[in-house]
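Engineer: I have a structure I would like to understand better, so I am pasting it below and will then ask my questions one at a time.
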Amino acid sequence: MDPAGPGPAIPPSKPAPEHPSSGSGGDVMLSDVMGRDRSINLFAGFVRDIESASNRLDDSSKNTTVLAPRNSAIEKLPRKPWEDPRDYGALGPNAYEGEDGQDRAHRNLQRFVEAHMVPLSPWPEGKNAKALGDDQTIWWEEKNGVKVIQPAGIEVMSIASTVSNGQVWIIKDVRNYA
């Protein structure tokens, strides 16, 4: 399935790095493990397309908890992550055409990606945090043995990787990024 679907052409993602990784390895970075789990490969591709996000995940001085939505959560969105109904309302059906349209799509995709990156790791239970570029306070709590990101109640399916500069949490749904 083509994640771009109909709509503007988004540049192809760079291939995932082919570095070996371990569960909590010393020099292994989040950037090394993002593409490892197939269930989040759509999100991992978006991260690679956003330079600031990709650079952060490759920076050993910036710990991050990545809240990576499963492919199925991204696929069931009512629109592509780079689309914004406000753009269509203001500019019509060609909102993402041409260079200006590509810039708009890129900014929207950056907002989507950053809404899923918490700039701290470890992230203790109950600790208030804000995702990058987001004003909403979020936290997580354990309910019946399951981590849940609040206030939206998004279930954490698993912690896919723990590396020197953070963790990748696979989440069941997409955070509100609008």
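By order in the structure tokens, chains are A, B, ...; within a chain, residues start at 1; ligands start at 1, following the order shown.
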Which residues are near Asn176 of chain A? Cut-off 10 Å, only C-alpha atoms, ignore same chain within fewer than 4 positions. Put them as number ranges by chain.
Structural biologist: A: 112, 115-116, 134, 136, 152
Engineer: Can I get the selected residues back with C-alpha atoms, as a CSV table (one decimal), in the first residue's frame?
Structural biologist:
chain,number,residue,atom,x,y,z
A,112,PHE,CA,2.2,15.4,13.2
A,115,ALA,CA,3.2,15.7,18.4
A,116,HIS,CA,4.5,12.1,18.9
A,134,ASP,CA,2.6,21.0,21.3
A,136,GLN,CA,-1.1,20.3,25.6
A,152,ALA,CA,-6.6,11.1,25.5
Engineer: Going by DSSP on the backbone, which bits of chain A are strand (DSSP E)? Write them as a compact mmCIF listing (two decimals) with N, CA and C atoms, in the first residue's frame, please.
Structural biologist:
# COMPACT_ATOMS: atom_id res chain seq x y z
N THR A 64 14.55 11.33 24.31
CA THR A 64 13.22 11.46 23.76
C THR A 64 12.45 10.16 23.98
N THR A 65 11.17 10.29 24.28
CA THR A 65 10.26 9.16 24.24
C THR A 65 9.43 9.34 22.98
N VAL A 66 9.58 8.42 22.04
CA VAL A 66 8.84 8.47 20.78
C VAL A 66 7.55 7.69 20.96
N LEU A 67 6.44 8.34 20.72
CA LEU A 67 5.13 7.70 20.79
C LEU A 67 4.73 7.34 19.37
N ALA A 68 5.14 6.19 18.91
CA ALA A 68 4.99 5.80 17.51
C ALA A 68 3.65 5.10 17.27
N PRO A 69 2.75 5.75 16.53
CA PRO A 69 1.47 5.11 16.24
C PRO A 69 1.64 3.93 15.28
N MET A 117 6.53 13.05 19.86
CA MET A 117 7.87 13.02 20.43
C MET A 117 7.89 13.81 21.74
N VAL A 118 8.12 13.11 22.84
CA VAL A 118 8.18 13.74 24.16
C VAL A 118 9.65 13.95 24.50
N ALA A 129 4.26 16.36 30.82
CA ALA A 129 5.21 16.67 29.76
C ALA A 129 4.43 17.30 28.60
N LYS A 130 5.16 17.86 27.68
CA LYS A 130 4.57 18.39 26.45
C LYS A 130 5.37 17.83 25.30
N THR A 137 -0.58 19.50 27.80
CA THR A 137 0.12 18.70 28.81
C THR A 137 -0.37 17.26 28.70
N ILE A 138 0.58 16.33 28.65
CA ILE A 138 0.26 14.91 28.62
C ILE A 138 1.03 14.20 29.72
N TRP A 139 0.58 13.03 30.09
CA TRP A 139 1.25 12.19 31.08
C TRP A 139 0.80 10.77 30.79
N TRP A 140 1.41 9.82 31.48
CA TRP A 140 0.94 8.44 31.34
C TRP A 140 0.71 7.86 32.71
N GLU A 141 -0.18 6.91 32.74
CA GLU A 141 -0.47 6.19 33.97
C GLU A 141 -0.74 4.74 33.62
N GLU A 142 -0.56 3.89 34.60
CA GLU A 142 -0.83 2.48 34.38
C GLU A 142 -2.23 2.16 34.87
N LYS A 143 -3.01 1.52 33.99
CA LYS A 143 -4.37 1.11 34.32
C LYS A 143 -4.51 -0.37 33.99
N VAL A 146 -1.67 -1.77 32.03
CA VAL A 146 -1.42 -1.21 30.70
C VAL A 146 -1.07 0.26 30.84
N LYS A 147 -0.01 0.69 30.16
CA LYS A 147 0.32 2.12 30.13
C LYS A 147 -0.70 2.83 29.23
N VAL A 148 -1.19 3.97 29.73
CA VAL A 148 -2.17 4.75 28.99
C VAL A 148 -1.72 6.21 29.00
N ILE A 149 -1.63 6.81 27.81
CA ILE A 149 -1.25 8.22 27.69
C ILE A 149 -2.50 9.06 27.85
N GLN A 150 -2.41 10.01 28.78
CA GLN A 150 -3.55 10.86 29.11
C GLN A 150 -3.29 12.28 28.62
N ILE A 154 -4.81 6.99 25.30
CA ILE A 154 -4.19 6.18 24.23
C ILE A 154 -3.36 5.07 24.86
N GLU A 155 -3.67 3.85 24.48
CA GLU A 155 -2.98 2.69 25.03
C GLU A 155 -1.59 2.52 24.42
N VAL A 156 -0.62 2.25 25.29
CA VAL A 156 0.73 1.91 24.84
C VAL A 156 0.74 0.40 24.64
N MET A 157 0.95 -0.03 23.40
CA MET A 157 0.93 -1.46 23.07
C MET A 157 2.19 -2.15 23.60
N SER A 158 3.34 -1.47 23.44
CA SER A 158 4.60 -2.05 23.90
C SER A 158 5.68 -0.98 23.89
N ILE A 159 6.75 -1.27 24.59
CA ILE A 159 7.96 -0.46 24.48
C ILE A 159 8.87 -1.25 23.54
N ALA A 160 8.99 -0.77 22.32
CA ALA A 160 9.69 -1.51 21.27
C ALA A 160 11.20 -1.48 21.44
N SER A 161 11.73 -0.35 21.92
CA SER A 161 13.19 -0.21 22.04
C SER A 161 13.53 0.73 23.18
N THR A 162 14.61 0.40 23.86
CA THR A 162 15.22 1.29 24.84
C THR A 162 16.69 1.40 24.43
N VAL A 163 17.10 2.62 24.12
CA VAL A 163 18.47 2.86 23.66
C VAL A 163 19.06 4.01 24.46
N GLY A 166 16.84 7.26 24.56
CA GLY A 166 15.40 7.23 24.76
C GLY A 166 14.74 5.90 24.50
N GLN A 167 13.42 5.99 24.31
CA GLN A 167 12.60 4.81 24.09
C GLN A 167 11.63 5.04 22.95
N VAL A 168 11.23 3.94 22.31
CA VAL A 168 10.17 3.95 21.31
C VAL A 168 9.00 3.18 21.92
N TRP A 169 7.90 3.89 22.11
CA TRP A 169 6.67 3.28 22.60
C TRP A 169 5.72 3.14 21.41
N ILE A 170 5.22 1.95 21.19
CA ILE A 170 4.24 1.75 20.12
C ILE A 170 2.86 1.99 20.72
N ILE A 171 2.13 2.95 20.12
CA ILE A 171 0.83 3.32 20.66
C ILE A 171 -0.28 2.89 19.70
Engineer: Separation of atom CA of Ile74 of chain A and atom CA of Ile40 of chain A, in Å?
Structural biologist: 9.2 Å
Engineer: Taking 5 positions as the minimum chain separation for residues in the same chain, which residues sit within 10 Å of Ile50 of chain A when counting only C-alpha atoms? Answer as a ChimeraX atom specification.
Structural biologist: /A:13,45,55,106-107,109-111,113-114
Engineer: Using DSSP secondary structure from the backbone, list all alpha helix (DSSP H) positions within segment 107-170 of chain A, as a PDB file with N, CA and C atoms, in the first residue's frame.
Structural biologist:
ATOM      1  N   ARG A 107       5.207  21.243   6.636  1.00  0.00           N
ATOM      2  CA  ARG A 107       4.961  21.809   7.976  1.00  0.00           C
ATOM      3  C   ARG A 107       3.916  20.989   8.728  1.00  0.00           C
ATOM      4  N   ASN A 108       2.873  20.570   8.027  1.00  0.00           N
ATOM      5  CA  ASN A 108       1.831  19.762   8.658  1.00  0.00           C
ATOM      6  C   ASN A 108       2.378  18.404   9.092  1.00  0.00           C
ATOM      7  N   LEU A 109       3.210  17.792   8.250  1.00  0.00           N
ATOM      8  CA  LEU A 109       3.804  16.509   8.604  1.00  0.00           C
ATOM      9  C   LEU A 109       4.741  16.671   9.802  1.00  0.00           C
ATOM     10  N   GLN A 110       5.473  17.777   9.844  1.00  0.00           N
ATOM     11  CA  GLN A 110       6.345  18.044  10.988  1.00  0.00           C
ATOM     12  C   GLN A 110       5.521  18.164  12.265  1.00  0.00           C
ATOM     13  N   ARG A 111       4.399  18.853  12.196  1.00  0.00           N
ATOM     14  CA  ARG A 111       3.525  18.989  13.367  1.00  0.00           C
ATOM     15  C   ARG A 111       3.036  17.613  13.821  1.00  0.00           C
ATOM     16  N   PHE A 112       2.670  16.750  12.877  1.00  0.00           N
ATOM     17  CA  PHE A 112       2.219  15.389  13.199  1.00  0.00           C
ATOM     18  C   PHE A 112       3.325  14.601  13.901  1.00  0.00           C
ATOM     19  N   VAL A 113       4.517  14.616  13.323  1.00  0.00           N
ATOM     20  CA  VAL A 113       5.644  13.858  13.884  1.00  0.00           C
ATOM     21  C   VAL A 113       5.993  14.382  15.271  1.00  0.00           C
ATOM     22  N   GLU A 114       6.129  15.688  15.407  1.00  0.00           N
ATOM     23  CA  GLU A 114       6.540  16.268  16.688  1.00  0.00           C
ATOM     24  C   GLU A 114       5.500  16.054  17.780  1.00  0.00           C
TER      25      GLU A 114
END
